[in-house]
file query-v5.cif (mmCIF, C-alpha atoms)
data_structure
loop_
_atom_site.label_atom_id
_atom_site.label_comp_id
_atom_site.auth_asym_id
_atom_site.auth_seq_id
_atom_site.Cartn_x
_atom_site.Cartn_y
_atom_site.Cartn_z
CA ASN A 1 53.36 -19.89 126.70
CA ALA A 2 54.84 -22.00 123.96
CA GLY A 3 52.43 -24.33 122.23
CA VAL A 4 53.15 -27.85 121.02
CA MET A 5 56.37 -27.58 119.02
CA GLN A 6 57.10 -29.92 116.16
CA ASN A 7 60.24 -30.01 114.08
CA PRO A 8 61.15 -30.03 111.40
CA ARG A 9 58.11 -28.45 109.71
CA HIS A 10 59.12 -30.01 106.39
CA LEU A 11 61.27 -33.08 105.83
CA VAL A 12 62.36 -34.61 102.55
CA ARG A 13 63.81 -38.10 102.53
CA ARG A 14 64.83 -40.49 99.79
CA ARG A 15 63.33 -43.97 99.75
CA GLY A 16 65.17 -46.20 102.21
CA GLN A 17 66.35 -43.39 104.50
CA GLU A 18 65.21 -42.81 108.07
CA ALA A 19 62.90 -40.01 109.19
CA ARG A 20 62.92 -38.68 112.74
CA LEU A 21 60.08 -36.37 113.75
CA ARG A 22 60.22 -34.48 117.04
CA CYS A 23 57.43 -33.21 119.27
CA SER A 24 57.90 -31.07 122.36
CA PRO A 25 54.65 -31.00 124.35
CA MET A 26 53.29 -27.95 126.08
CA LYS A 27 54.76 -27.22 129.49
CA GLY A 28 53.08 -29.36 132.11
CA HIS A 29 51.72 -31.88 129.59
CA SER A 30 52.86 -35.46 130.11
CA HIS A 31 50.63 -37.14 127.47
CA VAL A 32 51.54 -37.13 123.79
CA TYR A 33 49.61 -38.43 120.78
CA TRP A 34 50.79 -38.87 117.19
CA TYR A 35 48.44 -38.71 114.20
CA ARG A 36 49.02 -39.05 110.46
CA GLN A 37 47.11 -37.13 107.78
CA LEU A 38 47.19 -38.17 104.15
CA PRO A 39 46.28 -35.49 101.54
CA GLU A 40 42.58 -34.57 101.61
CA GLU A 41 41.82 -36.96 104.46
CA GLY A 42 41.16 -36.74 108.17
CA LEU A 43 43.75 -37.49 110.81
CA LYS A 44 44.40 -41.12 111.74
CA PHE A 45 45.54 -42.06 115.24
CA MET A 46 48.94 -43.72 115.46
CA VAL A 47 50.17 -43.86 119.06
CA TYR A 48 49.57 -42.47 122.55
CA LEU A 49 52.47 -42.13 124.98
CA GLN A 50 53.12 -40.97 128.50
CA LYS A 51 56.60 -40.28 129.80
CA GLU A 52 58.64 -43.44 129.18
CA ASN A 53 55.52 -45.51 128.41
CA ILE A 54 53.59 -46.45 125.29
CA ILE A 55 49.92 -46.53 126.31
CA ASP A 56 48.20 -47.33 123.00
CA GLU A 57 50.00 -48.10 119.74
CA SER A 58 47.05 -49.66 117.97
CA GLY A 59 47.37 -47.27 115.01
CA MET A 60 51.08 -47.79 114.39
CA PRO A 61 52.21 -49.95 111.48
CA LYS A 62 53.91 -53.03 112.88
CA GLU A 63 57.09 -52.56 110.89
CA ARG A 64 59.45 -49.61 110.36
CA PHE A 65 57.58 -47.25 112.73
CA SER A 66 58.48 -46.62 116.37
CA ALA A 67 57.77 -43.92 118.92
CA GLU A 68 59.23 -42.91 122.23
CA PHE A 69 58.69 -40.23 124.87
CA PRO A 70 61.75 -40.27 127.15
CA LYS A 71 61.93 -38.86 130.64
CA GLU A 72 63.87 -35.90 129.30
CA GLY A 73 63.49 -34.37 125.86
CA PRO A 74 60.90 -34.46 123.11
CA SER A 75 58.80 -37.33 121.86
CA ILE A 76 60.26 -38.90 118.72
CA LEU A 77 58.40 -40.66 115.91
CA ARG A 78 60.89 -42.69 113.90
CA ILE A 79 60.23 -44.15 110.48
CA GLN A 80 62.91 -46.47 109.13
CA GLN A 81 63.46 -47.27 105.45
CA VAL A 82 60.84 -44.78 104.30
CA VAL A 83 58.67 -45.53 101.25
CA ARG A 84 56.63 -43.18 99.06
CA GLY A 85 53.45 -44.16 100.91
CA ASP A 86 54.88 -42.66 104.12
CA SER A 87 54.54 -39.17 102.58
CA ALA A 88 52.02 -37.39 104.79
CA ALA A 89 51.61 -34.73 107.45
CA TYR A 90 52.38 -36.03 110.93
CA PHE A 91 50.81 -34.19 113.85
CA CYS A 92 51.38 -34.55 117.53
CA ALA A 93 49.11 -33.35 120.29
CA SER A 94 49.71 -33.07 124.01
CA SER A 95 47.47 -32.90 127.06
CA PRO A 96 47.90 -32.65 130.84
CA GLN A 97 45.65 -35.69 131.30
CA GLY A 98 44.99 -38.72 129.11
CA ILE A 99 42.00 -37.09 127.47
CA MET A 100 41.68 -35.18 124.19
CA ASN A 101 39.64 -32.26 125.50
CA THR A 102 39.85 -28.48 125.71
CA GLU A 103 43.25 -28.73 127.41
CA ALA A 104 44.79 -30.76 124.57
CA PHE A 105 46.47 -29.00 121.65
CA PHE A 106 47.92 -30.02 118.32
CA GLY A 107 51.24 -28.89 116.91
CA GLN A 108 51.66 -27.45 113.41
CA GLY A 109 52.80 -30.78 112.03
CA THR A 110 55.75 -32.16 110.09
CA ARG A 111 55.20 -32.63 106.39
CA LEU A 112 57.21 -35.63 105.22
CA THR A 113 57.90 -36.05 101.54
CA VAL A 114 59.58 -39.23 100.33
CA VAL A 115 61.21 -38.94 96.92
CA GLY B 116 38.44 -49.58 112.10
CA GLN B 117 35.86 -47.10 113.29
CA GLN B 118 34.58 -44.62 110.75
CA LEU B 119 32.92 -41.28 111.00
CA ASN B 120 30.87 -40.16 108.02
CA GLN B 121 31.07 -36.40 107.70
CA SER B 122 28.95 -34.38 105.33
CA PRO B 123 28.94 -32.42 103.21
CA GLN B 124 32.43 -32.89 101.77
CA SER B 125 32.55 -29.27 100.67
CA MET B 126 30.44 -26.13 100.82
CA PHE B 127 30.53 -22.87 98.86
CA ILE B 128 28.56 -20.12 100.54
CA GLN B 129 28.14 -16.35 100.51
CA GLU B 130 29.37 -14.24 103.39
CA GLY B 131 26.59 -13.86 105.95
CA GLU B 132 24.97 -17.22 105.29
CA ASP B 133 24.56 -19.90 107.92
CA VAL B 134 26.37 -23.24 107.58
CA SER B 135 25.54 -26.68 108.89
CA MET B 136 27.60 -29.86 108.80
CA ASN B 137 27.25 -33.17 110.56
CA CYS B 138 28.88 -36.46 111.43
CA THR B 139 27.36 -39.89 111.90
CA SER B 140 28.74 -43.20 113.05
CA SER B 141 27.56 -46.75 113.46
CA SER B 142 29.32 -46.82 116.86
CA ILE B 143 28.49 -45.04 120.10
CA PHE B 144 30.85 -42.21 121.03
CA ASN B 145 31.77 -40.88 124.49
CA THR B 146 32.92 -37.47 123.28
CA TRP B 147 32.49 -35.37 120.16
CA LEU B 148 34.96 -32.68 119.20
CA TRP B 149 34.88 -30.21 116.31
CA TYR B 150 38.16 -28.90 114.88
CA LYS B 151 39.12 -26.34 112.23
CA GLN B 152 42.29 -26.74 110.18
CA ASP B 153 43.83 -23.97 108.11
CA PRO B 154 46.25 -24.82 105.26
CA GLY B 155 49.66 -25.87 106.56
CA GLU B 156 48.53 -25.82 110.18
CA GLY B 157 47.40 -28.28 112.82
CA PRO B 158 43.76 -28.70 113.87
CA VAL B 159 42.41 -26.20 116.37
CA LEU B 160 39.66 -27.28 118.74
CA LEU B 161 36.43 -25.28 118.35
CA ILE B 162 33.91 -27.08 120.56
CA ALA B 163 34.00 -30.15 122.82
CA LEU B 164 30.89 -32.14 123.77
CA TYR B 165 30.82 -34.72 126.55
CA LYS B 166 27.18 -35.69 127.17
CA ALA B 167 24.39 -37.03 124.97
CA GLY B 168 21.99 -34.22 124.09
CA GLU B 169 24.49 -31.52 125.05
CA LEU B 170 24.20 -28.30 123.05
CA THR B 171 27.19 -25.96 123.29
CA SER B 172 27.94 -22.58 121.72
CA ASN B 173 31.20 -20.77 121.11
CA GLY B 174 30.48 -17.36 119.58
CA ARG B 175 28.87 -17.96 116.19
CA LEU B 176 29.42 -21.71 116.47
CA THR B 177 26.90 -24.15 117.92
CA ALA B 178 27.35 -27.90 118.18
CA GLN B 179 25.24 -30.71 119.56
CA PHE B 180 26.01 -34.23 120.81
CA GLY B 181 23.26 -36.43 119.37
CA ILE B 182 20.93 -38.16 121.81
CA THR B 183 21.76 -41.56 120.31
CA ARG B 184 25.49 -40.79 120.84
CA LYS B 185 26.08 -41.72 117.21
CA ASP B 186 25.97 -38.27 115.63
CA SER B 187 26.81 -34.61 116.06
CA PHE B 188 26.30 -31.41 114.10
CA LEU B 189 28.09 -28.07 113.88
CA ASN B 190 26.37 -24.85 112.85
CA ILE B 191 28.13 -21.61 111.94
CA SER B 192 25.93 -18.54 111.83
CA ALA B 193 26.53 -15.39 109.78
CA SER B 194 29.67 -16.72 108.09
CA ILE B 195 32.65 -14.42 107.47
CA PRO B 196 35.64 -14.87 105.12
CA SER B 197 37.94 -16.05 107.92
CA ASP B 198 35.65 -19.07 108.47
CA VAL B 199 37.29 -20.58 105.38
CA GLY B 200 39.07 -23.83 106.16
CA ILE B 201 38.54 -27.52 106.72
CA TYR B 202 36.26 -28.57 109.57
CA PHE B 203 36.66 -31.99 111.16
CA CYS B 204 34.50 -33.87 113.59
CA ALA B 205 36.28 -36.29 115.90
CA GLY B 206 35.38 -38.44 118.85
CA THR B 207 36.35 -41.15 121.25
CA VAL B 208 34.55 -44.45 120.80
CA ALA B 209 32.70 -45.88 123.81
CA GLY B 210 34.48 -48.92 125.16
CA GLY B 211 37.76 -47.86 123.63
CA THR B 212 41.09 -48.43 125.32
CA SER B 213 41.84 -44.79 125.98
CA TYR B 214 40.35 -41.33 125.82
CA GLY B 215 43.47 -40.21 123.99
CA LYS B 216 42.50 -41.98 120.79
CA LEU B 217 40.38 -39.86 118.48
CA THR B 218 38.59 -41.05 115.36
CA PHE B 219 38.30 -38.25 112.76
CA GLY B 220 35.78 -37.61 110.02
CA GLN B 221 36.93 -36.93 106.46
CA GLY B 222 36.45 -33.18 106.78
CA THR B 223 34.20 -30.49 105.30
CA ILE B 224 35.94 -27.89 103.12
CA LEU B 225 34.27 -24.52 103.62
CA THR B 226 34.65 -21.69 101.11
CA VAL B 227 33.09 -18.31 101.86
CA HIS B 228 32.61 -15.81 99.03
CA PRO B 229 32.70 -12.15 100.12
#

call {"tool": "encode", "arguments": {"input": "query-v5.cif", "output": "structure tokens"}}
result
Amino acid sequence: NAGVMQNPRHLVRRRGQEARLRCSPMKGHSHVYWYRQLPEEGLKFMVYLQKENIIDESGMPKERFSAEFPKEGPSILRIQQVVRGDSAAYFCASSPQGIMNTEAFFGQGTRLTVV
Amino acid sequence: GQQLNQSPQSMFIQEGEDVSMNCTSSSIFNTWLWYKQDPGEGPVLLIALYKAGELTSNGRLTAQFGITRKDSFLNISASIPSDVGIYFCAGTVAGGTSYGKLTFGQGTILTVHP
């Protein structure tokens, strides 16, 4: 059984470029969550999606950030015109139901560095 | 936004010692979860708590959901070197828009000396 797969594991972007982070949920999971972790801090909720729907985006910055979870393919977190402050680890989690419980798992994360 | 106060921030202990860490909040939580994160990895769920007063064990780990629903603790007994890592509490706030939105504590860094 493959776990939650995130790629790339590491991503370096220059200021002003776009970053695209991918998350393939576990088989059978239709709920995906994105979290951001700054160095030496806890994870901060960004967005919760079901297939083709954004359920809760209360943690997403209003500008430059967008997320999607299409009917086919992975969930994508897109950051346009990246700035140094976007440097962080981005984690996605997936679950079979809309609950973060024992059936929900996190991926290994994508570490974004903006230079 | 909601905040979870997790303490202590870091602990240095000898192998074999017991460890205790806790989280408090000014808000009422519906669920409490405890995660462990190793360097370069994602968080791994250790224990999930769903009811006030619930006490749950997972091997050497024991966690409790506070009766006021505003706090939780995690105990690790007889620590071993592989317990090293960062431990996070997390929970879903009562009255929130979805059970998919977790609020995390700041983490407790655990170091175990052999």

call {"tool": "residues_around", "arguments": {"input": "query-v5.cif", "residues": "range 132-146 of chain B", "least_positions_apart": "2", "cutoff": "7 Å", "atoms": "only C-alpha atoms", "output": "NGL selection string"}}
result
:B and (118-123 or 128-130 or 148 or 164-165 or 184-194 or 204 or 206-209)

call {"tool": "resolve_selection", "arguments": {"input": "query-v5.cif", "expression": "the PyMOL selection byres ((chain A and resi 51-55) around 6)", "output": "PyMOL selection string"}}
result
chain A and resi 48-50+56+69-71

call {"tool": "resolve_selection", "arguments": {"input": "query-v5.cif", "expression": "the PyMOL selection byres ((chain A) within 8 of (chain B))", "output": "MDAnalysis selection string"}}
result
chainID A and resid 33 40:45 48 56 91 98:102 105:109

call {"tool": "atom_distance", "arguments": {"input": "query-v5.cif", "atom1": "CA of Val4 in chain A", "atom2": "CA of Leu21 in chain A"}}
result
13.2 Å

call {"tool": "resolve_selection", "arguments": {"input": "query-v5.cif", "expression": "the PyMOL selection byres ((chain B and resi 180) around 6)", "output": "MDAnalysis selection string"}}
result
chainID B and resid 167:169 179 181 187

call {"tool": "atom_distance", "arguments": {"input": "query-v5.cif", "atom1": "CA of Met5 in chain A", "atom2": "CA of Pro39 in chain A"}}
result
21.7 Å

call {"tool": "residues_around", "arguments": {"input": "query-v5.cif", "residues": "Leu77 in chain A", "least_positions_apart": "4", "cutoff": "8 Å", "atoms": "only C-alpha atoms", "output": "list in words"}}
result
Arg20, Leu21, Arg22, Trp34, Phe65, Ser66, Ala67 and Glu68 of chain A

call {"tool": "atom_distance", "arguments": {"input": "query-v5.cif", "atom1": "CA of Met26 in chain A", "atom2": "CA of Gly3 in chain A"}}
result
5.4 Å

call {"tool": "residues_near_point", "arguments": {"input": "query-v5.cif", "point": "(49.1, -49.0, 114.8)", "cutoff": "8 Å", "atoms": "only C-alpha atoms", "output": "compact mmCIF listing (two decimals) with C-alpha atoms, in the coordinates of the input"}}
result
# COMPACT_ATOMS: atom_id res chain seq x y z
CA PHE A 45 45.54 -42.06 115.24
CA MET A 46 48.94 -43.72 115.46
CA VAL A 47 50.17 -43.86 119.06
CA GLU A 57 50.00 -48.10 119.74
CA SER A 58 47.05 -49.66 117.97
CA GLY A 59 47.37 -47.27 115.01
CA MET A 60 51.08 -47.79 114.39
CA PRO A 61 52.21 -49.95 111.48
CA LYS A 62 53.91 -53.03 112.88

call {"tool": "axis_aligned_box", "arguments": {"input": "query-v5.cif", "around": "range 17-28 of chain A", "padding_each_side": "4 Å", "output": "JSON"}}
result
{"center_x": 59.7, "center_y": -35.3, "center_z": 118.3, "size_x": 21.3, "size_y": 24.2, "size_z": 35.6}
